[in-house]
Amino acid sequence: MTKKEAFTFDISLSVLNHLGRSLYRSFATVLGEAISNAWDADAKNVWIFIDREKGQFFIKDDGIGMSAEDFQEKFLRIGYSKRKDNHQKSAAGRPFIGRKGIGKLALLSCAKKISVISKMKGGNYVGGVINNQGLDKAITEDLTPNQYPLETFRLTTFKNYTKNHAHGTIIFFDEIHEGIRSTFDFLGKVIALYFRFSLLDKSFNIYLNGEKITHKHLNDLAKKTQFLWKIGNRKDPYVTGLEKDFFAKEKGQHESKEISISDTSGFIASVEKPRDLNILGTGDRVGIDLFVNGRLRERDLLKHIPTARLAESYLYGQIHFDKLDTPKVDRFTSSREGIVADDEEYIKFLAKLRTQLLAIVGDWDAWRIKLRQDGDPENDKVMTPIDRKSRSLYNEALKGFELPKGSHGKTKVDKWVDEFGADAQYNFSSYAECFIAENLTRKYIKEKKVILSKEAKEKVSEYKRKEQEAKNSANISIELRRSKDDLNYLDMGALANLADKANDRIKDAALSRDATEFKPMRDAVAHTALLTDAAKTRLSTVKENIRGRIKTLLKNGL
C-alpha cells in the first residue's frame, strides 16, 4: 500500500444481521417500519394484504416512490437518514418518523424472502429480492455488501397489486415466520392500537384486506373500559367513540376526567377487570404506551415507573410526547422499541407521569367504591383496611340481591342499597369485632375456670327458654348452637362481669364498665339497625376500649 492510498470502511454483512434480523422482536415494530416509511414518503394510503394459508403478506403504499438511484443510495444504504441537512419534515409537511436509517432492516426479520419494488410518477418499477437463505450464506462466508447483489424481482409476483398503482412502494413478505403468522387474526387490533397517526390524521389511511382500519377495531377494548382520564386537547377518534358509543349509553357506570401533564396529550383509561386487557390473543396485554410524532416508541410505560398499586393492572392508555423528537438529540434505541433510559428529558417526563398516576389511582379507588366494586387496598387515606374489607363483603353479598338490567324497580333498589352502603360497611366491621371480642372472652373465662355467678346462670336459663320458644314457634327441631356450653348463651355484658368486673365502676378500668356502655349499641348492630352518627362515634370509642382491655387480659392473665 502506497502513502497516497486512502483507507475506507468495509462493513461486513453480519452487521446487517445484528442490526436487523436479530434486533427486532415485535411484529408491530416490523410492520411499523414499512408503514412509517410510507408516511415519510407522503403516502395517503397503505394497503396490507394477508394470505393466512400461504403465510404471505403484501404492503403497498401510494407515496412518492423511489428511482433506481433512490433505491440504491437511500433504501439500501444502511444509515441513510431523511433528516440529513436538518430536514425534519416531508415535502407535504409531515414530521419525519424515521431517523437513524436502519429501521428498514427490521423488514428482514419476519420472513425468509422479502421483495421490494417501487416507482415514481411516470417511471418504471425498480427493486430487488432479499433472500435470507442467501444472506445467511453470505454472512457465513464473510462477504462484503458488494459481493452480495440482490436477486432480480419478478413483476408477475405483484400482478394483483400493480394495477392503477401510479407511484409508491410494494413490499412482499414470503414464508412468514410462525410467530408472526400467529398474529394475523389480531392484526386489525394491532394496527388500530399501535399506529395512531393513521387514526389521528385524516390524510393517512391504512387498509387491511380492503377494510379501512378505524377506532372501531378496538371496540372489544372500548366496551370493557370503565374510567377515562383525558390528557391535553388532542382529538382522538377512539376517545370520542368511547364516550359516545359506550359511556353515554351506560350512564352511571363510567367516570371521566381531564388531567394535565405538561407538553403531552392522549389518554389513560381503566377496564373493569385486568383480564379485559388481553385483547390481542398473543399473550401481550394492552398497557400505557408512549408515542412520539404518532409513532409507538415505548410500550408499557408502567414498567419504568411502578407504583406498586393494584390499579396498575387495570390501566391502559396512549400518551403523545412529541418533544422527545428533536433535531440534535436522538433519544431512541437502535431497536426502535424503546427510548434511551438515562435521557434527561425522558426521566423528567416519567417523573411527571408517575405523580399524575398516583392521583389517577386515587380517582380509580373512589370511583370503584362508588360503583360498589373493590378498589385499592393500599389506599388507607380513604378508609381503613377493616372498613374496606367490610365494604367488599357487602358488595359481594349484594350480588345475590341485584336486579337484572332494565328490570322494573332496579333504579329504585340501586338507590336504596347505595343509601345504606356506608352503614353496612360500619355495621359489618362492628359485628366482626363484636364476634371476635365475645368469643375470645368466652375462651378466656373457660381457660381461667371461672365459675358462673348466680346472675349469669339465671341469664343462661332465660336465654335457653326464649330460644326453645322461638324454635317451637318456627317448628325447628335441629340444634342451632354447636356447643351447649352455658357461656355461649351470654352476651358481652354478662361475660365481662365474669372475666373482668370492676370493684368501683367509676374509678376502675375494667371490661365490665365498657361492656355496659357497649351493650345497647351492640344489640342494635346485631339486629341490623342503622346507627346514628353519634352512636357510631360512641361505639367506635367503646370498641377500642374493649379491644385494648381484652388484649391486656390475654397478655397478662394467661
# chains A, B, ... in the order shown; residues from 1 in each chain; ligands from 1

$ residues_around --residues "Gly127 in chain A" --least-positions-apart "2" --cutoff "12 Å" --atoms "only C-alpha atoms" --output "PyMOL selection string"
chain A and resi 65-72+75-76+114-119+124-125+129-130+149-155+168-172

$ write_last_selection --atoms "N, CA and C atoms" --output "tab-separated table (two decimals), in the first residue's frame"
chain	number	residue	atom	x	y	z
A	65	GLY	N	-42.60	7.18	-4.01
A	65	GLY	CA	-41.85	6.12	-4.67
A	65	GLY	C	-40.37	6.40	-4.74
A	66	MET	N	-39.64	5.49	-5.38
A	66	MET	CA	-38.18	5.61	-5.50
A	66	MET	C	-37.73	5.38	-6.92
A	67	SER	N	-36.70	6.11	-7.30
A	67	SER	CA	-36.00	5.84	-8.56
A	67	SER	C	-34.94	4.79	-8.29
A	68	ALA	N	-34.25	4.34	-9.32
A	68	ALA	CA	-33.17	3.37	-9.14
A	68	ALA	C	-32.09	3.93	-8.22
A	69	GLU	N	-31.80	5.21	-8.43
A	69	GLU	CA	-30.77	5.85	-7.59
A	69	GLU	C	-31.24	5.92	-6.14
A	70	ASP	N	-32.52	6.27	-5.92
A	70	ASP	CA	-33.07	6.31	-4.56
A	70	ASP	C	-33.00	4.94	-3.90
A	71	PHE	N	-33.35	3.92	-4.66
A	71	PHE	CA	-33.38	2.56	-4.11
A	71	PHE	C	-31.98	2.15	-3.64
A	72	GLN	N	-30.97	2.48	-4.44
A	72	GLN	CA	-29.60	2.11	-4.08
A	72	GLN	C	-29.02	3.01	-3.01
A	75	PHE	N	-32.62	3.61	0.11
A	75	PHE	CA	-33.22	2.45	0.75
A	75	PHE	C	-32.17	1.42	1.16
A	76	LEU	N	-31.25	1.12	0.26
A	76	LEU	CA	-30.25	0.08	0.55
A	76	LEU	C	-29.02	0.63	1.28
A	114	ILE	N	-37.92	-11.36	1.07
A	114	ILE	CA	-38.56	-10.06	1.02
A	114	ILE	C	-38.27	-9.43	-0.34
A	115	SER	N	-39.34	-9.12	-1.06
A	115	SER	CA	-39.21	-8.49	-2.37
A	115	SER	C	-39.73	-7.07	-2.30
A	116	VAL	N	-38.96	-6.13	-2.84
A	116	VAL	CA	-39.32	-4.71	-2.79
A	116	VAL	C	-39.32	-4.13	-4.20
A	117	ILE	N	-40.45	-3.50	-4.59
A	117	ILE	CA	-40.49	-2.76	-5.85
A	117	ILE	C	-41.05	-1.38	-5.57
A	118	SER	N	-40.61	-0.39	-6.35
A	118	SER	CA	-41.06	0.98	-6.15
A	118	SER	C	-40.93	1.75	-7.45
A	119	LYS	N	-41.79	2.73	-7.63
A	119	LYS	CA	-41.67	3.59	-8.80
A	119	LYS	C	-42.17	4.99	-8.48
A	124	ASN	N	-40.72	3.62	-14.07
A	124	ASN	CA	-40.91	2.17	-14.05
A	124	ASN	C	-40.49	1.62	-12.69
A	125	TYR	N	-40.95	0.41	-12.42
A	125	TYR	CA	-40.61	-0.22	-11.15
A	125	TYR	C	-39.13	-0.57	-11.08
A	129	VAL	N	-34.82	-8.48	-4.61
A	129	VAL	CA	-35.28	-9.51	-3.68
A	129	VAL	C	-34.16	-9.83	-2.69
A	130	ILE	N	-34.50	-9.79	-1.42
A	130	ILE	CA	-33.54	-10.18	-0.38
A	130	ILE	C	-33.94	-11.57	0.10
A	149	PRO	N	-25.12	-9.25	-4.31
A	149	PRO	CA	-26.15	-8.48	-5.02
A	149	PRO	C	-27.55	-9.04	-4.73
A	150	LEU	N	-28.53	-8.18	-4.71
A	150	LEU	CA	-29.91	-8.61	-4.52
A	150	LEU	C	-30.38	-9.40	-5.74
A	151	GLU	N	-31.30	-10.34	-5.51
A	151	GLU	CA	-31.87	-11.09	-6.62
A	151	GLU	C	-32.84	-10.20	-7.41
A	152	THR	N	-33.07	-10.54	-8.63
A	152	THR	CA	-33.96	-9.76	-9.50
A	152	THR	C	-35.42	-10.09	-9.18
A	153	PHE	N	-36.22	-9.05	-9.09
A	153	PHE	CA	-37.63	-9.28	-8.78
A	153	PHE	C	-38.40	-9.66	-10.04
A	154	ARG	N	-39.53	-10.33	-9.84
A	154	ARG	CA	-40.42	-10.68	-10.94
A	154	ARG	C	-41.70	-9.86	-10.79
A	155	LEU	N	-42.01	-9.08	-11.80
A	155	LEU	CA	-43.17	-8.22	-11.73
A	155	LEU	C	-44.46	-9.03	-11.62
A	168	GLY	N	-45.35	4.79	-5.82
A	168	GLY	CA	-45.30	4.24	-4.46
A	168	GLY	C	-44.46	2.98	-4.38
A	169	THR	N	-44.58	2.28	-3.26
A	169	THR	CA	-43.74	1.12	-2.98
A	169	THR	C	-44.61	-0.07	-2.59
A	170	ILE	N	-44.20	-1.27	-3.03
A	170	ILE	CA	-44.88	-2.51	-2.65
A	170	ILE	C	-43.82	-3.47	-2.11
A	171	ILE	N	-44.09	-4.04	-0.95
A	171	ILE	CA	-43.17	-5.00	-0.35
A	171	ILE	C	-43.90	-6.33	-0.17
A	172	PHE	N	-43.25	-7.40	-0.59
A	172	PHE	CA	-43.83	-8.74	-0.50
A	172	PHE	C	-43.02	-9.57	0.50

$ residues_around --residues "Ser540 in chain A" --least-positions-apart "5" --cutoff "12 Å" --atoms "only C-alpha atoms" --output "count of residues only"
19

$ residues_around --residues "range 378-388 of chain A" --least-positions-apart "4" --cutoff "9 Å" --atoms "only C-alpha atoms" --output "tab-separated table (two decimals) with N, CA and C atoms, in the first residue's frame"
chain	number	residue	atom	x	y	z
A	309	ARG	N	-49.25	-0.29	43.09
A	309	ARG	CA	-50.66	-0.17	43.45
A	309	ARG	C	-51.48	-1.08	42.54
A	310	LEU	N	-52.54	-1.62	43.10
A	310	LEU	CA	-53.38	-2.58	42.38
A	310	LEU	C	-53.93	-2.01	41.08
A	361	VAL	N	-54.74	6.82	40.47
A	361	VAL	CA	-55.04	5.67	41.33
A	361	VAL	C	-56.05	6.08	42.41
A	362	GLY	N	-55.91	7.31	42.94
A	362	GLY	CA	-56.86	7.80	43.92
A	362	GLY	C	-58.26	7.95	43.34
A	365	ASP	N	-59.82	4.46	42.77
A	365	ASP	CA	-60.30	3.86	44.01
A	365	ASP	C	-61.67	4.44	44.41
A	366	ALA	N	-61.76	5.77	44.36
A	366	ALA	CA	-63.01	6.43	44.76
A	366	ALA	C	-64.15	6.05	43.82
A	374	ASP	N	-64.58	-3.47	44.35
A	374	ASP	CA	-63.35	-3.40	45.13
A	374	ASP	C	-62.40	-2.37	44.52
A	392	SER	N	-66.16	-4.55	50.86
A	392	SER	CA	-66.02	-5.61	49.85
A	392	SER	C	-66.98	-6.76	50.13
A	393	LEU	N	-67.11	-7.12	51.42
A	393	LEU	CA	-68.04	-8.19	51.80
A	393	LEU	C	-69.48	-7.78	51.49
A	425	GLN	N	-71.12	-0.97	55.70
A	425	GLN	CA	-69.66	-1.03	55.88
A	425	GLN	C	-69.31	-0.93	57.36
A	426	TYR	N	-69.94	0.00	58.07
A	426	TYR	CA	-69.65	0.18	59.50
A	426	TYR	C	-70.19	-0.99	60.32
A	428	PHE	N	-70.88	-4.10	59.39
A	428	PHE	CA	-70.18	-5.36	59.13
A	428	PHE	C	-68.91	-5.44	59.97
A	429	SER	N	-68.14	-4.35	59.97
A	429	SER	CA	-66.88	-4.37	60.73
A	429	SER	C	-67.16	-4.41	62.23

$ select_by_dssp --residues "range 408-513 of chain A" --states "alpha helix (DSSP H)" --output "ChimeraX atom specification"
/A:410-419,421-447,454-474,492-499,511-513

$ write_last_selection --atoms "C-alpha atoms" --output "mmCIF file, in the first residue's frame"
data_model
loop_
_atom_site.group_PDB
_atom_site.id
_atom_site.type_symbol
_atom_site.label_atom_id
_atom_site.label_comp_id
_atom_site.auth_asym_id
_atom_site.auth_seq_id
_atom_site.Cartn_x
_atom_site.Cartn_y
_atom_site.Cartn_z
ATOM 1 C CA LYS A 410 -83.919 -1.613 39.582
ATOM 2 C CA THR A 411 -83.196 2.120 39.705
ATOM 3 C CA LYS A 412 -85.057 2.492 42.991
ATOM 4 C CA VAL A 413 -83.427 -0.589 44.555
ATOM 5 C CA ASP A 414 -79.971 0.559 43.457
ATOM 6 C CA LYS A 415 -80.627 3.867 45.183
ATOM 7 C CA TRP A 416 -81.654 2.074 48.371
ATOM 8 C CA VAL A 417 -78.560 -0.109 48.542
ATOM 9 C CA ASP A 418 -76.370 2.922 47.900
ATOM 10 C CA GLU A 419 -78.070 4.764 50.768
ATOM 11 C CA GLY A 421 -73.895 1.111 51.873
ATOM 12 C CA ALA A 422 -71.861 3.227 54.296
ATOM 13 C CA ASP A 423 -73.909 1.915 57.223
ATOM 14 C CA ALA A 424 -73.404 -1.661 56.068
ATOM 15 C CA GLN A 425 -69.663 -1.031 55.881
ATOM 16 C CA TYR A 426 -69.653 0.182 59.502
ATOM 17 C CA ASN A 427 -72.027 -2.484 60.810
ATOM 18 C CA PHE A 428 -70.182 -5.360 59.135
ATOM 19 C CA SER A 429 -66.883 -4.367 60.730
ATOM 20 C CA SER A 430 -68.569 -3.707 64.080
ATOM 21 C CA TYR A 431 -70.199 -7.127 64.062
ATOM 22 C CA ALA A 432 -66.873 -8.764 63.163
ATOM 23 C CA GLU A 433 -65.134 -7.088 66.123
ATOM 24 C CA CYS A 434 -68.058 -7.968 68.409
ATOM 25 C CA PHE A 435 -67.857 -11.608 67.297
ATOM 26 C CA ILE A 436 -64.124 -11.781 67.992
ATOM 27 C CA ALA A 437 -64.291 -9.912 71.304
ATOM 28 C CA GLU A 438 -67.085 -12.019 72.782
ATOM 29 C CA ASN A 439 -65.668 -15.375 71.681
ATOM 30 C CA LEU A 440 -62.188 -14.514 72.952
ATOM 31 C CA THR A 441 -63.738 -13.536 76.288
ATOM 32 C CA ARG A 442 -65.582 -16.892 76.439
ATOM 33 C CA LYS A 443 -62.315 -18.738 75.774
ATOM 34 C CA TYR A 444 -60.571 -16.692 78.458
ATOM 35 C CA ILE A 445 -63.283 -17.444 81.084
ATOM 36 C CA LYS A 446 -63.170 -21.138 80.258
ATOM 37 C CA GLU A 447 -59.376 -21.229 80.414
ATOM 38 C CA LYS A 454 -75.960 -16.731 90.155
ATOM 39 C CA GLU A 455 -76.908 -13.815 87.866
ATOM 40 C CA ALA A 456 -75.132 -15.419 84.923
ATOM 41 C CA LYS A 457 -76.874 -18.745 85.434
ATOM 42 C CA GLU A 458 -80.250 -17.008 85.572
ATOM 43 C CA LYS A 459 -79.480 -15.245 82.266
ATOM 44 C CA VAL A 460 -78.450 -18.558 80.667
ATOM 45 C CA SER A 461 -81.737 -20.168 81.758
ATOM 46 C CA GLU A 462 -83.690 -17.202 80.392
ATOM 47 C CA TYR A 463 -81.893 -17.265 77.021
ATOM 48 C CA LYS A 464 -82.316 -21.046 76.692
ATOM 49 C CA ARG A 465 -86.047 -20.746 77.422
ATOM 50 C CA LYS A 466 -86.503 -17.984 74.832
ATOM 51 C CA GLU A 467 -84.534 -19.948 72.248
ATOM 52 C CA GLN A 468 -86.680 -23.038 72.754
ATOM 53 C CA GLU A 469 -89.883 -20.993 72.483
ATOM 54 C CA ALA A 470 -88.629 -19.469 69.228
ATOM 55 C CA LYS A 471 -87.733 -22.917 67.845
ATOM 56 C CA ASN A 472 -91.156 -24.260 68.779
ATOM 57 C CA SER A 473 -92.874 -21.349 67.012
ATOM 58 C CA ALA A 474 -90.790 -21.981 63.920
ATOM 59 C CA MET A 492 -70.718 -9.233 76.318
ATOM 60 C CA GLY A 493 -72.256 -7.626 79.404
ATOM 61 C CA ALA A 494 -72.570 -10.911 81.309
ATOM 62 C CA LEU A 495 -69.236 -12.241 80.014
ATOM 63 C CA ALA A 496 -67.404 -9.071 81.076
ATOM 64 C CA ASN A 497 -68.701 -9.372 84.640
ATOM 65 C CA LEU A 498 -67.243 -12.894 84.815
ATOM 66 C CA ALA A 499 -63.925 -12.071 83.191
ATOM 67 C CA LEU A 511 -64.066 -4.796 80.786
ATOM 68 C CA SER A 512 -67.414 -4.801 82.622
ATOM 69 C CA ARG A 513 -67.575 -0.990 82.636
#

$ residues_around --residues "Asp322 in chain A" --least-positions-apart "3" --cutoff "9 Å" --atoms "only C-alpha atoms" --output "list in words"
Asp263, Thr264, Phe291, Val292, Asn293, Gly294, Asp325 and Thr326 of chain A

$ write_last_selection --atoms "C-alpha atoms" --output "mmCIF file, in the first residue's frame"
data_model
loop_
_atom_site.group_PDB
_atom_site.id
_atom_site.type_symbol
_atom_site.label_atom_id
_atom_site.label_comp_id
_atom_site.auth_asym_id
_atom_site.auth_seq_id
_atom_site.Cartn_x
_atom_site.Cartn_y
_atom_site.Cartn_z
ATOM 1 C CA ASP A 263 -46.226 19.025 26.813
ATOM 2 C CA THR A 264 -48.240 15.812 26.446
ATOM 3 C CA PHE A 291 -45.957 7.776 21.109
ATOM 4 C CA VAL A 292 -43.695 10.376 19.563
ATOM 5 C CA ASN A 293 -44.930 12.109 16.395
ATOM 6 C CA GLY A 294 -47.560 9.389 16.114
ATOM 7 C CA ASP A 325 -38.072 14.096 18.884
ATOM 8 C CA THR A 326 -35.530 16.894 18.426
#

$ atom_distance --atom1 "CA of Leu199 in chain A" --atom2 "CA of Ile176 in chain A"
27.0 Å

$ residues_around --residues "Arg331 in chain A" --least-positions-apart "5" --cutoff "7 Å" --atoms "only C-alpha atoms" --output "PDB file with C-alpha atoms, in the first residue's frame"
ATOM      1  CA  LEU A 324     -38.708  13.864  22.648  1.00  0.00           C
ATOM      2  CA  ILE A 339     -36.131   5.236  24.496  1.00  0.00           C
ATOM      3  CA  VAL A 340     -32.647   5.652  25.904  1.00  0.00           C
ATOM      4  CA  ASP A 343     -32.110  10.598  28.760  1.00  0.00           C
TER       5      ASP A 343
END

$ closest_residue --among "A:Arg354, A:His527, A:Lys202, A:Lys60" --to "Lys303 in chain A" --atoms "only C-alpha atoms"
A:Arg354

$ closest_residue --among "A:Asp485, A:Thr214, A:Glu141, A:Gly548" --to "Ala510 in chain A" --atoms "only C-alpha atoms"
A:Gly548

$ select_by_dssp --residues "range 195-307 of chain A" --states "strand (DSSP E or B)" --output "VMD selection string"
chain A and resid 205 to 208 211 to 212 225 to 231 255 to 259 265 to 271 288 to 292 295 to 298
